[in-house]
$ cat input-v2.cif   # mmCIF, C-alpha atoms, pLDDT in the B column; chains and numbers go by the auth columns
data_data
loop_
_atom_site.group_PDB
_atom_site.id
_atom_site.type_symbol
_atom_site.label_atom_id
_atom_site.label_comp_id
_atom_site.label_asym_id
_atom_site.label_seq_id
_atom_site.Cartn_x
_atom_site.Cartn_y
_atom_site.Cartn_z
_atom_site.B_iso_or_equiv
_atom_site.auth_seq_id
_atom_site.auth_asym_id
ATOM 1 C CA MET A 1 81.670 16.626 -17.873 69.00 1 Z
ATOM 2 C CA ALA A 2 79.902 15.131 -20.876 78.00 2 Z
ATOM 3 C CA ARG A 3 76.558 16.572 -21.838 91.00 3 Z
ATOM 4 C CA SER A 4 73.550 14.267 -21.708 94.00 4 Z
ATOM 5 C CA VAL A 5 70.001 14.590 -22.995 95.00 5 Z
ATOM 6 C CA ASN A 6 66.727 13.206 -21.651 95.00 6 Z
ATOM 7 C CA ARG A 7 64.104 14.413 -24.142 96.00 7 Z
ATOM 8 C CA VAL A 8 60.973 12.623 -25.297 96.00 8 Z
ATOM 9 C CA ILE A 9 58.638 13.700 -28.105 97.00 9 Z
ATOM 10 C CA LEU A 10 55.351 11.856 -28.630 97.00 10 Z
ATOM 11 C CA VAL A 11 52.324 12.404 -30.867 96.00 11 Z
ATOM 12 C CA GLY A 12 49.223 10.411 -30.058 96.00 12 Z
ATOM 13 C CA ASN A 13 45.707 10.369 -28.668 96.00 13 Z
ATOM 14 C CA ALA A 14 44.708 10.801 -25.039 96.00 14 Z
ATOM 15 C CA GLY A 15 43.296 7.521 -23.803 96.00 15 Z
ATOM 16 C CA SER A 16 41.587 9.128 -20.834 94.00 16 Z
ATOM 17 C CA ASP A 17 40.497 12.426 -19.361 96.00 17 Z
ATOM 18 C CA PRO A 18 43.161 13.819 -16.997 96.00 18 Z
ATOM 19 C CA ASP A 19 43.199 12.363 -13.487 96.00 19 Z
ATOM 20 C CA VAL A 20 44.021 15.476 -11.458 96.00 20 Z
ATOM 21 C CA ARG A 21 44.980 15.551 -7.788 95.00 21 Z
ATOM 22 C CA SER A 22 46.800 17.837 -5.381 93.00 22 Z
ATOM 23 C CA THR A 23 49.919 17.063 -3.378 93.00 23 Z
ATOM 24 C CA GLY A 24 50.016 17.722 0.367 93.00 24 Z
ATOM 25 C CA ALA A 25 51.618 21.074 -0.438 94.00 25 Z
ATOM 26 C CA GLY A 26 48.764 21.956 -2.805 92.00 26 Z
ATOM 27 C CA THR A 27 50.623 21.446 -6.106 94.00 27 Z
ATOM 28 C CA ARG A 28 48.380 20.085 -8.853 94.00 28 Z
ATOM 29 C CA VAL A 29 49.441 16.920 -10.675 96.00 29 Z
ATOM 30 C CA ALA A 30 47.613 15.326 -13.613 97.00 30 Z
ATOM 31 C CA HIS A 31 48.038 11.940 -15.256 97.00 31 Z
ATOM 32 C CA VAL A 32 46.879 11.066 -18.765 97.00 32 Z
ATOM 33 C CA SER A 33 47.413 7.912 -20.794 97.00 33 Z
ATOM 34 C CA LEU A 34 48.604 8.538 -24.355 97.00 34 Z
ATOM 35 C CA ALA A 35 48.282 6.018 -27.190 97.00 35 Z
ATOM 36 C CA THR A 36 50.801 5.973 -30.034 97.00 36 Z
ATOM 37 C CA ASP A 37 50.493 3.622 -33.000 95.00 37 Z
ATOM 38 C CA ARG A 38 53.309 2.061 -34.982 93.00 38 Z
ATOM 39 C CA THR A 39 53.525 -0.333 -37.874 92.00 39 Z
ATOM 40 C CA PHE A 40 56.215 -2.886 -38.648 91.00 40 Z
ATOM 41 C CA ARG A 41 56.794 -5.953 -40.808 92.00 41 Z
ATOM 42 C CA LEU A 42 56.877 -9.418 -39.299 91.00 42 Z
ATOM 43 C CA ASN A 43 57.356 -12.438 -41.570 92.00 43 Z
ATOM 44 C CA GLY A 44 56.468 -10.278 -44.572 92.00 44 Z
ATOM 45 C CA GLN A 45 53.175 -9.149 -43.027 93.00 45 Z
ATOM 46 C CA GLU A 46 52.491 -5.583 -41.986 94.00 46 Z
ATOM 47 C CA GLN A 47 51.582 -5.463 -38.304 93.00 47 Z
ATOM 48 C CA SER A 48 50.423 -2.605 -36.119 94.00 48 Z
ATOM 49 C CA ARG A 49 50.750 -2.034 -32.410 95.00 49 Z
ATOM 50 C CA THR A 50 49.473 0.554 -29.982 96.00 50 Z
ATOM 51 C CA ASP A 51 51.879 1.611 -27.227 95.00 51 Z
ATOM 52 C CA TRP A 52 50.554 3.304 -24.085 96.00 52 Z
ATOM 53 C CA HIS A 53 52.502 6.008 -22.261 97.00 53 Z
ATOM 54 C CA ARG A 54 51.820 7.531 -18.851 96.00 54 Z
ATOM 55 C CA LEU A 55 52.024 11.327 -19.017 97.00 55 Z
ATOM 56 C CA THR A 56 52.505 13.405 -15.869 96.00 56 Z
ATOM 57 C CA PHE A 57 51.769 17.135 -15.778 96.00 57 Z
ATOM 58 C CA TRP A 58 52.758 19.347 -12.819 95.00 58 Z
ATOM 59 C CA ALA A 59 51.577 22.682 -11.412 93.00 59 Z
ATOM 60 C CA ARG A 60 50.052 25.118 -13.916 90.00 60 Z
ATOM 61 C CA VAL A 61 50.585 22.661 -16.796 92.00 61 Z
ATOM 62 C CA ALA A 62 48.399 20.178 -14.865 94.00 62 Z
ATOM 63 C CA GLU A 63 45.685 22.827 -14.532 93.00 63 Z
ATOM 64 C CA LEU A 64 45.836 23.521 -18.270 91.00 64 Z
ATOM 65 C CA ALA A 65 45.790 19.813 -19.075 93.00 65 Z
ATOM 66 C CA GLU A 66 42.705 19.407 -16.890 94.00 66 Z
ATOM 67 C CA ARG A 67 40.973 22.215 -18.754 92.00 67 Z
ATOM 68 C CA LEU A 68 42.080 21.395 -22.323 91.00 68 Z
ATOM 69 C CA ILE A 69 42.602 17.622 -22.672 93.00 69 Z
ATOM 70 C CA ARG A 70 39.810 15.083 -23.061 94.00 70 Z
ATOM 71 C CA LYS A 71 39.803 11.402 -24.013 95.00 71 Z
ATOM 72 C CA GLY A 72 40.587 11.191 -27.738 93.00 72 Z
ATOM 73 C CA THR A 73 42.364 14.577 -27.937 92.00 73 Z
ATOM 74 C CA LYS A 74 45.294 14.406 -30.369 93.00 74 Z
ATOM 75 C CA LEU A 75 48.428 15.689 -28.610 93.00 75 Z
ATOM 76 C CA TYR A 76 52.029 16.564 -29.341 94.00 76 Z
ATOM 77 C CA VAL A 77 54.020 16.358 -26.093 95.00 77 Z
ATOM 78 C CA GLU A 78 57.616 17.097 -25.169 95.00 78 Z
ATOM 79 C CA GLY A 79 59.197 16.194 -21.885 96.00 79 Z
ATOM 80 C CA ARG A 80 61.583 13.840 -20.156 96.00 80 Z
ATOM 81 C CA ILE A 81 61.316 10.224 -19.065 97.00 81 Z
ATOM 82 C CA GLU A 82 61.594 9.265 -15.404 95.00 82 Z
ATOM 83 C CA TYR A 83 61.846 5.709 -14.141 95.00 83 Z
ATOM 84 C CA GLY A 84 60.659 4.522 -10.765 93.00 84 Z
ATOM 85 C CA SER A 85 58.993 1.596 -9.093 92.00 85 Z
ATOM 86 C CA PHE A 86 56.413 0.670 -6.508 90.00 86 Z
ATOM 87 C CA GLU A 87 55.716 -2.483 -4.542 93.00 87 Z
ATOM 88 C CA ARG A 88 52.631 -4.626 -4.892 93.00 88 Z
ATOM 89 C CA ASP A 89 52.300 -7.820 -2.885 95.00 89 Z
ATOM 90 C CA GLY A 90 56.028 -7.766 -2.164 94.00 90 Z
ATOM 91 C CA VAL A 91 56.949 -7.468 -5.848 95.00 91 Z
ATOM 92 C CA SER A 92 58.710 -4.392 -7.229 94.00 92 Z
ATOM 93 C CA ILE A 93 56.860 -3.034 -10.286 93.00 93 Z
ATOM 94 C CA PRO A 94 58.931 -0.778 -12.597 93.00 94 Z
ATOM 95 C CA THR A 95 57.322 2.407 -13.942 92.00 95 Z
ATOM 96 C CA ALA A 96 58.163 4.890 -16.680 94.00 96 Z
ATOM 97 C CA ASP A 97 56.572 8.340 -16.712 95.00 97 Z
ATOM 98 C CA ILE A 98 56.819 11.093 -19.292 97.00 98 Z
ATOM 99 C CA ILE A 99 57.082 14.384 -17.371 96.00 99 Z
ATOM 100 C CA VAL A 100 55.424 16.790 -19.800 96.00 100 Z
ATOM 101 C CA GLN A 101 57.081 20.189 -20.183 93.00 101 Z
ATOM 102 C CA GLU A 102 55.194 21.282 -23.311 91.00 102 Z
ATOM 103 C CA PHE A 103 52.142 20.076 -25.128 92.00 103 Z
ATOM 104 C CA LEU A 104 50.314 21.049 -28.270 90.00 104 Z
ATOM 105 C CA LEU A 105 46.663 20.303 -28.950 89.00 105 Z
ATOM 106 C CA LEU A 106 46.417 19.022 -32.513 87.00 106 Z
ATOM 107 C CA GLU A 107 42.638 19.161 -32.731 71.00 107 Z
ATOM 108 C CA SER A 108 41.238 21.059 -35.682 59.00 108 Z
ATOM 109 C CA GLY A 109 40.981 24.769 -34.912 56.00 109 Z
ATOM 110 C CA SER A 110 42.403 24.544 -31.390 54.00 110 Z
ATOM 111 C CA GLY A 111 46.172 24.118 -31.825 54.00 111 Z
ATOM 112 C CA ARG A 112 47.669 25.692 -28.711 55.00 112 Z
ATOM 113 C CA LEU A 113 51.222 25.273 -27.477 57.00 113 Z
ATOM 114 C CA VAL A 114 51.436 24.992 -23.702 59.00 114 Z
ATOM 115 C CA SER A 115 54.907 25.251 -22.201 58.00 115 Z
ATOM 116 C CA ALA A 116 56.351 24.730 -18.728 54.00 116 Z
ATOM 117 C CA ASP A 117 59.615 26.082 -17.387 49.00 117 Z
ATOM 118 C CA GLU A 118 60.232 23.969 -14.309 40.00 118 Z
ATOM 119 C CA SER A 119 63.251 26.015 -13.244 35.00 119 Z
ATOM 120 C CA GLU A 120 61.080 28.999 -12.341 38.00 120 Z
ATOM 121 C CA GLU A 121 58.867 29.155 -9.268 37.00 121 Z
ATOM 122 C CA ASP A 122 56.746 32.013 -10.545 36.00 122 Z
ATOM 123 C CA GLU A 123 53.417 30.524 -11.666 38.00 123 Z
ATOM 124 C CA GLU A 124 53.325 32.664 -14.799 39.00 124 Z
ATOM 125 C CA ALA A 125 56.770 31.425 -15.841 34.00 125 Z
ATOM 126 C CA GLU A 126 55.922 27.789 -15.007 33.00 126 Z
ATOM 127 C CA SER A 127 53.402 27.545 -17.770 36.00 127 Z
ATOM 128 C CA GLU A 128 51.610 29.706 -20.257 39.00 128 Z
ATOM 129 C CA VAL A 129 49.753 29.409 -23.489 40.00 129 Z
ATOM 130 C CA LEU A 130 52.367 30.707 -25.919 38.00 130 Z
ATOM 131 C CA GLU A 131 50.511 30.947 -29.189 36.00 131 Z
ATOM 132 C CA THR A 132 47.659 29.693 -31.278 34.00 132 Z
ATOM 133 C CA VAL A 133 48.802 27.506 -34.146 37.00 133 Z
ATOM 134 C CA PRO A 134 46.536 27.013 -37.159 37.00 134 Z
ATOM 135 C CA ALA A 135 45.476 23.392 -37.503 35.00 135 Z
#

$ encode --input "input-v2.cif" --output "structure tokens"
Amino acid sequence: MARSVNRVILVGNAGSDPDVRSTGAGTRVAHVSLATDRTFRLNGQEQSRTDWHRLTFWARVAELAERLIRKGTKLYVEGRIEYGSFERDGVSIPTADIIVQEFLLLESGSGRLVSADESEEDEEAESEVLETVPA
């Protein structure tokens, strides 16, 4: 069987405070929009564009995101992309979510790496603040 990889790395600014909810089973889930900027040339002119990404945090990582992330926070995130869809007025709308497994706050003086191991059920193993990184 061939090996495959689904890994996403983004660096950008939170476009919103986390929207945190609980599932029926009590698991916390948080959503944050993340803005990334890119520049490119079009007809010899430098252009810029902001792309928006929907980040999803689960369990303990969602709790940490709720506590640590605010609109404008600069973030480094690692995770995987998941595609889905929902229906609105009979039309199927495609979605793409980044399921965050690790994030790093890049704010001055508060660089903290937060990691999630989704294969473990133990809350302590699911997510922990691993280290403080100088900004």

$ residues_around --input "input-v2.cif" --residues "Thr39 of chain Z" --least-positions-apart "2" --cutoff "7 Å" --atoms "all atoms listed in the file" --output "number ranges by chain"
Z: 37, 46-49

$ closest_residue --input "input-v2.cif" --among "Z:Ile81, Z:Ile69, Z:Ala35, Z:Val20" --to "Gln101 of chain Z" --atoms "all atoms listed in the file"
Z:Ile81

$ closest_residue --input "input-v2.cif" --among "Z:Pro94, Z:Gly79, Z:Gly84, Z:Gly12" --to "Trp58 of chain Z" --atoms "all atoms listed in the file"
Z:Gly79

$ resolve_selection --input "input-v2.cif" --expression "the PyMOL selection byres ((chain Z and resi 99) around 10)" --output "ChimeraX atom specification"
/Z:7-8,31,54-58,77-82,96-98,100-102

$ atom_distance --input "input-v2.cif" --atom1 "atom CA of Trp52 of chain Z" --atom2 "atom CA of Leu105 of chain Z"
18.1 Å

$ resolve_selection --input "input-v2.cif" --expression "the PyMOL selection byres ((chain Z and resi 25-28) around 8)" --output "ChimeraX atom specification"
/Z:20-24,29-30,58-60,62-63

$ residues_around --input "input-v2.cif" --residues "Thr36 of chain Z" --least-positions-apart "6" --cutoff "10 Å" --atoms "all atoms listed in the file" --output "list in words"
Leu10, Val11, Gly12, Asn13, Ala14, Gly15, Arg49, Thr50, Asp51, Trp52 and His53 of chain Z

$ decode --input "input-v2.cif" --residues "segment 4-15 of chain Z" --atoms "C-alpha atoms" --output "JSON list (two decimals), in the first residue's frame"
[["chain", "number", "residue", "atom", "x", "y", "z"],
["Z", 4, "SER", "CA", -0.13, 9.16, 1.51],
["Z", 5, "VAL", "CA", 0.08, 12.46, 3.37],
["Z", 6, "ASN", "CA", -2.62, 14.96, 4.33],
["Z", 7, "ARG", "CA", -0.72, 17.75, 6.11],
["Z", 8, "VAL", "CA", -1.44, 21.46, 6.06],
["Z", 9, "ILE", "CA", 0.75, 24.23, 7.50],
["Z", 10, "LEU", "CA", -0.58, 27.79, 7.64],
["Z", 11, "VAL", "CA", 0.69, 31.04, 9.17],
["Z", 12, "GLY", "CA", -1.77, 33.88, 9.41],
["Z", 13, "ASN", "CA", -3.98, 36.04, 11.60],
["Z", 14, "ALA", "CA", -7.15, 34.95, 13.37],
["Z", 15, "GLY", "CA", -10.07, 36.75, 11.77]]
